[in-house]
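Okay, start37.csv now, which holds CSV, N, CA and C atoms:
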chain,number,residue,atom,x,y,z
R,231,MET,N,37.5,4.7,-35.4
R,231,MET,CA,38.9,5.0,-35.2
R,231,MET,C,39.6,3.8,-34.5
R,232,GLY,N,39.3,2.6,-35.0
R,232,GLY,CA,40.0,1.4,-34.4
R,232,GLY,C,39.3,1.0,-33.1
R,233,THR,N,40.2,0.3,-32.3
R,233,THR,CA,39.7,-0.2,-31.0
R,233,THR,C,39.7,0.8,-29.9
R,234,VAL,N,40.2,2.0,-30.2
R,234,VAL,CA,40.2,3.0,-29.2
R,234,VAL,C,38.8,3.5,-29.0
R,235,LYS,N,38.4,3.6,-27.7
R,235,LYS,CA,37.0,4.0,-27.4
R,235,LYS,C,36.9,5.5,-27.2
R,236,THR,N,37.9,6.1,-26.6
R,236,THR,CA,37.9,7.6,-26.4
R,236,THR,C,39.3,8.1,-26.6
R,237,PHE,N,39.4,9.4,-26.7
R,237,PHE,CA,40.7,10.0,-26.9
R,237,PHE,C,41.7,9.7,-25.8
R,238,ASP,N,41.2,9.6,-24.6
R,238,ASP,CA,42.1,9.3,-23.5
R,238,ASP,C,42.6,7.9,-23.4
R,239,ASP,N,42.1,7.0,-24.3
R,239,ASP,CA,42.6,5.7,-24.4
R,239,ASP,C,43.9,5.7,-25.3
R,240,LEU,N,44.1,6.8,-26.0
R,240,LEU,CA,45.2,6.9,-26.9
R,240,LEU,C,46.5,7.0,-26.2
R,241,LEU,N,47.5,6.2,-26.4
R,241,LEU,CA,48.8,6.3,-25.8
R,241,LEU,C,49.5,7.6,-26.0
R,242,VAL,N,49.3,8.1,-27.3
R,242,VAL,CA,49.9,9.4,-27.6
R,242,VAL,C,49.3,10.5,-26.8
R,243,TRP,N,48.0,10.5,-26.5
R,243,TRP,CA,47.4,11.5,-25.7
R,243,TRP,C,47.9,11.4,-24.3
R,244,GLN,N,48.0,10.2,-23.7
R,244,GLN,CA,48.5,10.0,-22.4
R,244,GLN,C,50.0,10.5,-22.2
R,245,LYS,N,50.8,10.2,-23.2
R,245,LYS,CA,52.2,10.7,-23.2
R,245,LYS,C,52.3,12.2,-23.3
R,246,SER,N,51.3,12.8,-24.1
R,246,SER,CA,51.4,14.2,-24.2
R,246,SER,C,50.9,14.9,-22.9
R,247,ILE,N,50.1,14.2,-22.1
R,247,ILE,CA,49.8,14.7,-20.8
R,247,ILE,C,51.0,14.7,-19.9
R,248,GLU,N,51.8,13.6,-20.0
R,248,GLU,CA,53.0,13.5,-19.2
R,248,GLU,C,54.0,14.6,-19.6
R,249,LEU,N,54.1,14.9,-20.9
R,249,LEU,CA,54.9,16.0,-21.4
R,249,LEU,C,54.5,17.3,-20.8
R,250,THR,N,53.2,17.6,-20.8
R,250,THR,CA,52.7,18.8,-20.3
R,250,THR,C,53.1,18.9,-18.8
R,251,LYS,N,52.9,17.9,-18.0
R,251,LYS,CA,53.3,17.9,-16.6
R,251,LYS,C,54.8,18.2,-16.5
R,252,LEU,N,55.6,17.6,-17.3
R,252,LEU,CA,57.1,17.8,-17.3
R,252,LEU,C,57.4,19.2,-17.6
R,253,ILE,N,56.7,19.8,-18.6
R,253,ILE,CA,56.9,21.2,-19.0
R,253,ILE,C,56.6,22.1,-17.8
R,254,TYR,N,55.5,21.8,-17.1
R,254,TYR,CA,55.1,22.6,-16.0
R,254,TYR,C,56.2,22.5,-14.9
R,255,LYS,N,56.8,21.4,-14.7
R,255,LYS,CA,57.9,21.2,-13.7
R,255,LYS,C,59.1,22.0,-14.1
R,256,ILE,N,59.4,21.9,-15.4
R,256,ILE,CA,60.6,22.7,-15.9
R,256,ILE,C,60.4,24.2,-15.8
R,257,THR,N,59.2,24.6,-16.2
R,257,THR,CA,59.0,26.1,-16.2
R,257,THR,C,58.9,26.7,-14.8
R,258,SER,N,58.5,25.8,-13.8
R,258,SER,CA,58.5,26.3,-12.5
R,258,SER,C,59.8,26.8,-11.9
R,259,LYS,N,60.9,26.3,-12.6
R,259,LYS,CA,62.2,26.7,-12.2
R,259,LYS,C,62.8,27.9,-13.0
R,260,PHE,N,62.0,28.4,-13.9
R,260,PHE,CA,62.5,29.5,-14.7
R,260,PHE,C,62.6,30.8,-13.8
R,261,PRO,N,63.5,31.7,-14.3
R,261,PRO,CA,63.5,33.0,-13.5
R,261,PRO,C,62.2,33.7,-13.6
R,262,HIS,N,61.9,34.5,-12.5
R,262,HIS,CA,60.6,35.2,-12.4
R,262,HIS,C,60.3,36.0,-13.7
R,263,GLU,N,61.3,36.7,-14.2
R,263,GLU,CA,61.0,37.5,-15.4
R,263,GLU,C,60.6,36.7,-16.6
R,264,GLU,N,60.8,35.4,-16.6
R,264,GLU,CA,60.4,34.6,-17.7
R,264,GLU,C,59.0,33.9,-17.6
R,265,LYS,N,58.4,34.1,-16.4
R,265,LYS,CA,57.1,33.5,-16.2
R,265,LYS,C,56.0,33.8,-17.2
R,266,PHE,N,56.1,35.0,-17.8
R,266,PHE,CA,55.1,35.3,-18.8
R,266,PHE,C,55.7,35.5,-20.2
R,267,ALA,N,56.8,34.9,-20.4
R,267,ALA,CA,57.4,35.0,-21.7
R,267,ALA,C,57.6,33.5,-22.2
R,268,LEU,N,58.9,33.1,-22.1
R,268,LEU,CA,59.2,31.7,-22.6
R,268,LEU,C,58.4,30.6,-21.9
R,269,ALA,N,58.3,30.8,-20.6
R,269,ALA,CA,57.6,29.8,-19.7
R,269,ALA,C,56.1,29.7,-20.2
R,270,ASP,N,55.5,30.8,-20.4
R,270,ASP,CA,54.1,30.8,-20.8
R,270,ASP,C,54.0,30.2,-22.2
R,271,GLN,N,54.9,30.5,-23.1
R,271,GLN,CA,54.8,29.9,-24.5
R,271,GLN,C,55.0,28.4,-24.4
R,272,LEU,N,55.9,27.9,-23.6
R,272,LEU,CA,56.1,26.5,-23.5
R,272,LEU,C,54.9,25.8,-22.9
R,273,LYS,N,54.3,26.4,-21.9
R,273,LYS,CA,53.1,25.8,-21.3
R,273,LYS,C,51.9,25.8,-22.3
R,274,ARG,N,51.7,26.8,-23.0
R,274,ARG,CA,50.7,26.9,-24.0
R,274,ARG,C,50.9,25.8,-25.1
R,275,ALA,N,52.1,25.7,-25.6
R,275,ALA,CA,52.4,24.7,-26.6
R,275,ALA,C,52.2,23.3,-26.1
R,276,SER,N,52.6,23.1,-24.9
R,276,SER,CA,52.4,21.7,-24.3
R,276,SER,C,51.0,21.4,-24.1
R,277,ILE,N,50.2,22.3,-23.7
R,277,ILE,CA,48.7,22.1,-23.5
R,277,ILE,C,48.1,21.8,-24.9
R,278,SER,N,48.6,22.5,-25.9
R,278,SER,CA,48.0,22.3,-27.2
R,278,SER,C,48.1,20.9,-27.8
R,279,VAL,N,49.1,20.2,-27.4
R,279,VAL,CA,49.3,18.9,-28.0
R,279,VAL,C,48.2,17.9,-27.6
R,280,PRO,N,47.9,17.6,-26.3
R,280,PRO,CA,46.8,16.7,-26.0
R,280,PRO,C,45.5,17.3,-26.3
R,281,SER,N,45.4,18.6,-26.2
R,281,SER,CA,44.1,19.3,-26.5
R,281,SER,C,43.7,19.1,-28.0
R,282,ASN,N,44.6,19.2,-28.9
R,282,ASN,CA,44.3,19.1,-30.3
R,282,ASN,C,44.1,17.6,-30.7
R,283,ILE,N,44.8,16.7,-30.0
R,283,ILE,CA,44.6,15.3,-30.2
R,283,ILE,C,43.2,14.9,-29.9
R,284,ALA,N,42.8,15.4,-28.7
R,284,ALA,CA,41.4,15.1,-28.2
R,284,ALA,C,40.3,15.8,-29.1
R,285,GLU,N,40.6,17.0,-29.5
R,285,GLU,CA,39.6,17.7,-30.3
R,285,GLU,C,39.4,17.0,-31.7
R,286,GLY,N,40.6,16.7,-32.3
R,286,GLY,CA,40.5,16.0,-33.6
R,286,GLY,C,39.8,14.7,-33.5
R,287,TYR,N,40.1,13.9,-32.5
R,287,TYR,CA,39.5,12.6,-32.3
R,287,TYR,C,38.0,12.8,-32.2
R,288,GLY,N,37.6,13.8,-31.5
R,288,GLY,CA,36.2,14.1,-31.2
R,288,GLY,C,35.4,14.5,-32.5
R,289,ARG,N,36.1,15.0,-33.5
R,289,ARG,CA,35.5,15.4,-34.7
R,289,ARG,C,35.0,14.2,-35.5
R,290,ARG,N,35.6,13.1,-35.4
R,290,ARG,CA,35.1,11.8,-36.0
R,290,ARG,C,35.2,11.8,-37.5
R,291,THR,N,35.9,12.7,-38.1
R,291,THR,CA,36.2,12.5,-39.6
R,291,THR,C,37.7,12.4,-39.7
R,292,ALA,N,38.2,11.7,-40.7
R,292,ALA,CA,39.6,11.5,-40.9
R,292,ALA,C,40.2,12.9,-41.3
R,293,VAL,N,39.5,13.7,-42.1
R,293,VAL,CA,40.1,14.9,-42.5
R,293,VAL,C,40.3,15.9,-41.3
R,294,ASP,N,39.3,16.0,-40.5
R,294,ASP,CA,39.4,16.8,-39.3
R,294,ASP,C,40.5,16.3,-38.3
R,295,TYR,N,40.5,15.0,-38.1
R,295,TYR,CA,41.4,14.4,-37.2
R,295,TYR,C,42.8,14.6,-37.7
R,296,ARG,N,43.1,14.5,-39.0
R,296,ARG,CA,44.4,14.8,-39.5
R,296,ARG,C,44.8,16.2,-39.3
R,297,ARG,N,43.9,17.1,-39.5
R,297,ARG,CA,44.1,18.5,-39.4
R,297,ARG,C,44.6,18.8,-37.9
R,298,PHE,N,43.8,18.3,-37.0
R,298,PHE,CA,44.1,18.6,-35.6
R,298,PHE,C,45.4,17.9,-35.1
R,299,LEU,N,45.7,16.7,-35.7
R,299,LEU,CA,46.9,16.0,-35.4
R,299,LEU,C,48.1,16.8,-35.9
R,300,SER,N,47.9,17.4,-37.1
R,300,SER,CA,49.0,18.3,-37.7
R,300,SER,C,49.2,19.5,-36.8
R,301,ILE,N,48.2,20.0,-36.2
R,301,ILE,CA,48.4,21.2,-35.3
R,301,ILE,C,49.2,20.7,-34.1
R,302,SER,N,48.8,19.5,-33.6
R,302,SER,CA,49.5,18.9,-32.4
R,302,SER,C,51.0,18.7,-32.8
R,303,LEU,N,51.3,18.2,-34.0
R,303,LEU,CA,52.7,18.0,-34.4
R,303,LEU,C,53.4,19.3,-34.4
R,304,GLY,N,52.8,20.3,-35.0
R,304,GLY,CA,53.4,21.6,-35.0
R,304,GLY,C,53.7,22.1,-33.6
R,305,SER,N,52.9,21.9,-32.6
R,305,SER,CA,53.1,22.3,-31.2
R,305,SER,C,54.3,21.5,-30.6
R,306,VAL,N,54.4,20.2,-31.0
R,306,VAL,CA,55.6,19.4,-30.6
R,306,VAL,C,56.9,20.1,-31.1
R,307,TYR,N,56.9,20.5,-32.3
R,307,TYR,CA,58.1,21.2,-32.8
R,307,TYR,C,58.4,22.5,-32.1
R,308,GLU,N,57.3,23.2,-31.8
R,308,GLU,CA,57.4,24.5,-31.1
R,308,GLU,C,58.0,24.2,-29.7
R,309,ILE,N,57.5,23.2,-29.0
R,309,ILE,CA,58.1,22.8,-27.7
R,309,ILE,C,59.6,22.5,-27.8
R,310,GLN,N,59.9,21.7,-28.8
R,310,GLN,CA,61.4,21.4,-29.0
R,310,GLN,C,62.2,22.6,-29.2
R,311,THR,N,61.7,23.5,-30.0
R,311,THR,CA,62.5,24.8,-30.2
R,311,THR,C,62.6,25.6,-28.9
R,312,GLN,N,61.5,25.7,-28.2
R,312,GLN,CA,61.5,26.5,-27.0
R,312,GLN,C,62.3,25.9,-25.9
R,313,LEU,N,62.3,24.5,-25.8
R,313,LEU,CA,63.2,23.8,-24.9
R,313,LEU,C,64.6,24.1,-25.2
R,314,ARG,N,65.0,24.1,-26.5
R,314,ARG,CA,66.4,24.4,-26.8
R,314,ARG,C,66.8,25.8,-26.4
R,315,ILE,N,65.9,26.8,-26.6
R,315,ILE,CA,66.1,28.2,-26.2
R,315,ILE,C,66.3,28.2,-24.7
R,316,GLY,N,65.5,27.5,-24.0
R,316,GLY,CA,65.6,27.5,-22.5
R,316,GLY,C,66.9,26.9,-22.1
R,317,LEU,N,67.3,25.8,-22.7
R,317,LEU,CA,68.6,25.2,-22.4
R,317,LEU,C,69.8,26.2,-22.7
R,318,GLU,N,69.7,26.8,-23.8
R,318,GLU,CA,70.8,27.7,-24.2
R,318,GLU,C,70.9,29.0,-23.3
R,319,LEU,N,69.7,29.3,-22.7
R,319,LEU,CA,69.7,30.4,-21.8
R,319,LEU,C,70.0,30.0,-20.3
R,320,ASN,N,70.3,28.7,-20.2
R,320,ASN,CA,70.5,28.1,-18.9
R,320,ASN,C,69.3,28.2,-17.9
R,321,PHE,N,68.1,28.1,-18.5
R,321,PHE,CA,66.9,28.1,-17.7
R,321,PHE,C,66.6,26.6,-17.4
R,322,ILE,N,67.1,25.7,-18.2
R,322,ILE,CA,66.7,24.3,-18.1
R,322,ILE,C,68.0,23.4,-17.9
R,323,SER,N,68.0,22.5,-17.0
R,323,SER,CA,69.1,21.6,-16.8
R,323,SER,C,69.2,20.7,-18.0
R,324,ALA,N,70.4,20.2,-18.3
R,324,ALA,CA,70.6,19.3,-19.4
R,324,ALA,C,69.8,18.0,-19.2
R,325,ASP,N,69.7,17.5,-18.0
R,325,ASP,CA,68.9,16.3,-17.8
R,325,ASP,C,67.4,16.5,-18.1
R,326,LEU,N,66.8,17.6,-17.6
R,326,LEU,CA,65.4,17.8,-17.8
R,326,LEU,C,65.2,18.1,-19.3
R,327,TYR,N,66.1,18.8,-19.9
R,327,TYR,CA,66.0,19.1,-21.4
R,327,TYR,C,66.0,17.7,-22.1
R,328,ASP,N,66.9,16.9,-21.8
R,328,ASP,CA,67.0,15.6,-22.5
R,328,ASP,C,65.7,14.8,-22.3
R,329,ASP,N,65.2,14.7,-21.1
R,329,ASP,CA,63.9,14.0,-20.8
R,329,ASP,C,62.8,14.6,-21.6
R,330,ALA,N,62.6,15.9,-21.6
R,330,ALA,CA,61.5,16.5,-22.3
R,330,ALA,C,61.7,16.4,-23.8
R,331,ARG,N,62.9,16.5,-24.3
R,331,ARG,CA,63.2,16.4,-25.7
R,331,ARG,C,62.9,15.0,-26.2
R,332,GLU,N,63.3,14.0,-25.5
R,332,GLU,CA,63.1,12.6,-25.9
R,332,GLU,C,61.6,12.3,-25.9
R,333,LEU,N,60.9,12.7,-24.9
R,333,LEU,CA,59.4,12.5,-24.8
R,333,LEU,C,58.7,13.2,-25.9
R,334,SER,N,59.1,14.4,-26.2
R,334,SER,CA,58.5,15.1,-27.3
R,334,SER,C,58.8,14.5,-28.7
R,335,LYS,N,60.0,14.0,-28.8
R,335,LYS,CA,60.3,13.3,-30.1
R,335,LYS,C,59.5,12.0,-30.2
R,336,GLU,N,59.3,11.3,-29.1
R,336,GLU,CA,58.5,10.1,-29.2
R,336,GLU,C,57.0,10.4,-29.5
R,337,ILE,N,56.5,11.5,-29.0
R,337,ILE,CA,55.1,11.9,-29.3
R,337,ILE,C,55.0,12.3,-30.7
R,338,GLY,N,56.0,13.0,-31.2
R,338,GLY,CA,56.0,13.4,-32.6
R,338,GLY,C,56.0,12.3,-33.6
R,339,VAL,N,56.8,11.2,-33.3
R,339,VAL,CA,56.8,10.0,-34.1
R,339,VAL,C,55.4,9.4,-34.1
R,340,MET,N,54.8,9.3,-32.9
R,340,MET,CA,53.5,8.7,-32.7
R,340,MET,C,52.4,9.4,-33.5
R,341,ILE,N,52.4,10.8,-33.4
R,341,ILE,CA,51.4,11.6,-34.1
R,341,ILE,C,51.6,11.4,-35.6
R,342,TYR,N,52.8,11.4,-36.1
R,342,TYR,CA,53.1,11.3,-37.5
R,342,TYR,C,52.6,9.9,-38.0
R,343,ALA,N,52.8,8.9,-37.2
R,343,ALA,CA,52.3,7.5,-37.6
R,343,ALA,C,50.8,7.5,-37.7
R,344,ILE,N,50.1,8.2,-36.8
R,344,ILE,CA,48.6,8.2,-36.9
R,344,ILE,C,48.2,8.9,-38.1
R,345,ILE,N,48.9,10.1,-38.4
R,345,ILE,CA,48.5,10.8,-39.6
R,345,ILE,C,48.7,10.0,-40.8
R,346,LYS,N,49.8,9.2,-40.9
R,346,LYS,CA,50.0,8.4,-42.1
R,346,LYS,C,49.0,7.3,-42.2
R,347,LYS,N,48.6,6.7,-41.0
R,347,LYS,CA,47.7,5.6,-41.0
R,347,LYS,C,46.3,6.0,-41.5
R,348,ILE,N,45.9,7.2,-41.1
R,348,ILE,CA,44.5,7.6,-41.5
R,348,ILE,C,44.5,8.4,-42.8
R,349,SER,N,45.7,8.6,-43.5
R,349,SER,CA,45.7,9.3,-44.7
R,349,SER,C,45.4,8.4,-45.9
Could the structure of this file be written out as structure tokens, please?
Amino acid sequence: MGTVKTFDDLLVWQKSIELTKLIYKITSKFPHEEKFALADQLKRASISVPSNIAEGYGRRTAVDYRRFLSISLGSVYEIQTQLRIGLELNFISADLYDDARELSKEIGVMIYAIIKKIS
């Protein structure tokens, strides 16, 4: 898989960890009644991104890697949707929304590029 030695050498994995940390920061400000609803969904989706990148990388076949990257990409889109819902419900400030949205878009582009490269 190129010059990358382990999954945690991948810039996209590193950025997805940053996104997960940002999502945890964002959801910590959600109303208490949302802790096990939208907040939980956002956290699960954010954890899914680096987890599936790592799992796919560890499978060591292009077919499996693509499949897990596709799952990661789906989770990125899920995060973007849930962030928008949080924004529209006034659970997320515009600044934090913009930061998370931009980072998620960057990660999505990176994942898509890897998928195309190994296809």
Give me the residues within 8 Å of range 240-256 of chain R as a tab-separated table (two decimals) with N, CA and C atoms, in the coordinates of the input, counting only N, CA and C atoms and dropping any in the same chain fewer than 6 places off.
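This is the output file around-v4.tsv:
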chain	number	residue	atom	x	y	z
R	234	VAL	N	40.20	2.00	-30.20
R	234	VAL	CA	40.20	3.00	-29.20
R	234	VAL	C	38.80	3.50	-29.00
R	269	ALA	N	58.30	30.80	-20.60
R	269	ALA	CA	57.60	29.80	-19.70
R	269	ALA	C	56.10	29.70	-20.20
R	272	LEU	N	55.90	27.90	-23.60
R	272	LEU	CA	56.10	26.50	-23.50
R	272	LEU	C	54.90	25.80	-22.90
R	273	LYS	N	54.30	26.40	-21.90
R	273	LYS	CA	53.10	25.80	-21.30
R	273	LYS	C	51.90	25.80	-22.30
R	275	ALA	N	52.10	25.70	-25.60
R	275	ALA	CA	52.40	24.70	-26.60
R	275	ALA	C	52.20	23.30	-26.10
R	276	SER	N	52.60	23.10	-24.90
R	276	SER	CA	52.40	21.70	-24.30
R	276	SER	C	51.00	21.40	-24.10
R	277	ILE	N	50.20	22.30	-23.70
R	277	ILE	CA	48.70	22.10	-23.50
R	277	ILE	C	48.10	21.80	-24.90
R	278	SER	N	48.60	22.50	-25.90
R	278	SER	CA	48.00	22.30	-27.20
R	278	SER	C	48.10	20.90	-27.80
R	279	VAL	N	49.10	20.20	-27.40
R	279	VAL	CA	49.30	18.90	-28.00
R	279	VAL	C	48.20	17.90	-27.60
R	280	PRO	N	47.90	17.60	-26.30
R	280	PRO	CA	46.80	16.70	-26.00
R	280	PRO	C	45.50	17.30	-26.30
R	281	SER	N	45.40	18.60	-26.20
R	281	SER	CA	44.10	19.30	-26.50
R	281	SER	C	43.70	19.10	-28.00
R	283	ILE	N	44.80	16.70	-30.00
R	283	ILE	CA	44.60	15.30	-30.20
R	283	ILE	C	43.20	14.90	-29.90
R	284	ALA	N	42.80	15.40	-28.70
R	284	ALA	CA	41.40	15.10	-28.20
R	284	ALA	C	40.30	15.80	-29.10
R	321	PHE	N	68.10	28.10	-18.50
R	321	PHE	CA	66.90	28.10	-17.70
R	321	PHE	C	66.60	26.60	-17.40
R	322	ILE	N	67.10	25.70	-18.20
R	322	ILE	CA	66.70	24.30	-18.10
R	322	ILE	C	68.00	23.40	-17.90
R	323	SER	N	68.00	22.50	-17.00
R	323	SER	CA	69.10	21.60	-16.80
R	323	SER	C	69.20	20.70	-18.00
R	326	LEU	N	66.80	17.60	-17.60
R	326	LEU	CA	65.40	17.80	-17.80
R	326	LEU	C	65.20	18.10	-19.30
R	327	TYR	N	66.10	18.80	-19.90
R	327	TYR	CA	66.00	19.10	-21.40
R	327	TYR	C	66.00	17.70	-22.10
R	329	ASP	N	65.20	14.70	-21.10
R	329	ASP	CA	63.90	14.00	-20.80
R	329	ASP	C	62.80	14.60	-21.60
R	330	ALA	N	62.60	15.90	-21.60
R	330	ALA	CA	61.50	16.50	-22.30
R	330	ALA	C	61.70	16.40	-23.80
R	333	LEU	N	60.90	12.70	-24.90
R	333	LEU	CA	59.40	12.50	-24.80
R	333	LEU	C	58.70	13.20	-25.90
R	334	SER	N	59.10	14.40	-26.20
R	334	SER	CA	58.50	15.10	-27.30
R	334	SER	C	58.80	14.50	-28.70
R	336	GLU	N	59.30	11.30	-29.10
R	336	GLU	CA	58.50	10.10	-29.20
R	336	GLU	C	57.00	10.40	-29.50
R	337	ILE	N	56.50	11.50	-29.00
R	337	ILE	CA	55.10	11.90	-29.30
R	337	ILE	C	55.00	12.30	-30.70
R	338	GLY	N	56.00	13.00	-31.20
R	338	GLY	CA	56.00	13.40	-32.60
R	338	GLY	C	56.00	12.30	-33.60
R	340	MET	N	54.80	9.30	-32.90
R	340	MET	CA	53.50	8.70	-32.70
R	340	MET	C	52.40	9.40	-33.50
R	341	ILE	N	52.40	10.80	-33.40
R	341	ILE	CA	51.40	11.60	-34.10
R	341	ILE	C	51.60	11.40	-35.60
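Minimum atom-to-atom distances from R:Asp325, R:Ser300, R:Ile315, R:Tyr307 to Ile345 in chain R were compared using only C-alpha atoms, and the lowest value belongs to R:Ser300.
We find CA of Phe237 in chain R and CA of Ile309 in chain R to be spaced 21.6 Å apart.
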Atom N of Arg274 in chain R and atom C of Gly288 in chain R, how far apart in Å?
22.5 Å
Taken to one decimal, the CA of Ser349 in chain R-CA of Thr291 in chain R distance is 11.2 Å
Got a sec to tell me which of chain R DSSP assigns to helix (DSSP H, G or I), as JSON, numbers by chain?
{"R": [237, 238, 239, 241, 242, 243, 244, 245, 246, 247, 248, 249, 250, 251, 252, 253, 254, 255, 256, 257, 262, 263, 264, 268, 269, 270, 271, 272, 273, 274, 275, 276, 277, 278, 279, 280, 281, 282, 283, 284, 285, 286, 287, 288, 289, 292, 293, 294, 295, 296, 297, 298, 299, 300, 301, 302, 303, 304, 305, 306, 307, 308, 309, 310, 311, 312, 313, 314, 315, 316, 317, 318, 324, 325, 326, 327, 328, 329, 330, 331, 332, 333, 334, 335, 336, 337, 338, 339, 340, 341, 342, 343, 344, 345, 346, 347, 348]}
Range 261-297 of chain R dumped to file, C-alpha atoms, as a compact mmCIF listing (two decimals), in the first residue's frame:
# COMPACT_ATOMS: atom_id res chain seq x y z
CA PRO R 261 -28.66 19.69 25.62
CA HIS R 262 -28.83 16.86 28.13
CA GLU R 263 -31.82 15.25 26.41
CA GLU R 264 -29.75 14.89 23.23
CA LYS R 265 -26.86 13.01 24.85
CA PHE R 266 -28.27 9.64 23.76
CA ALA R 267 -29.87 10.73 20.50
CA LEU R 268 -28.19 13.01 17.96
CA ALA R 269 -25.02 13.36 20.05
CA ASP R 270 -24.61 9.61 20.26
CA GLN R 271 -25.21 9.19 16.51
CA LEU R 272 -22.61 11.85 15.70
CA LYS R 273 -20.03 10.27 17.98
CA ARG R 274 -20.62 6.80 16.55
CA ALA R 275 -20.35 8.05 12.96
CA SER R 276 -17.17 9.99 13.75
CA ILE R 277 -15.57 6.95 15.39
CA SER R 278 -16.52 4.87 12.36
CA VAL R 279 -14.41 6.94 9.98
CA PRO R 280 -10.90 6.25 11.36
CA SER R 281 -11.92 2.79 12.55
CA ASN R 282 -12.93 1.65 9.07
CA ILE R 283 -9.88 3.26 7.49
CA ALA R 284 -7.71 1.28 9.89
CA GLU R 285 -9.64 -1.97 9.50
CA GLY R 286 -9.61 -1.76 5.72
CA TYR R 287 -5.90 -1.00 5.67
CA GLY R 288 -5.29 -4.00 7.89
CA ARG R 289 -7.09 -6.36 5.53
CA ARG R 290 -4.28 -5.89 3.00
CA THR R 291 -6.35 -6.48 -0.12
CA ALA R 292 -7.50 -3.72 -2.43
CA VAL R 293 -11.05 -5.08 -2.53
CA ASP R 294 -11.41 -5.10 1.26
CA TYR R 295 -9.64 -1.76 1.62
CA ARG R 296 -12.02 -0.15 -0.90
CA ARG R 297 -15.03 -1.63 0.89
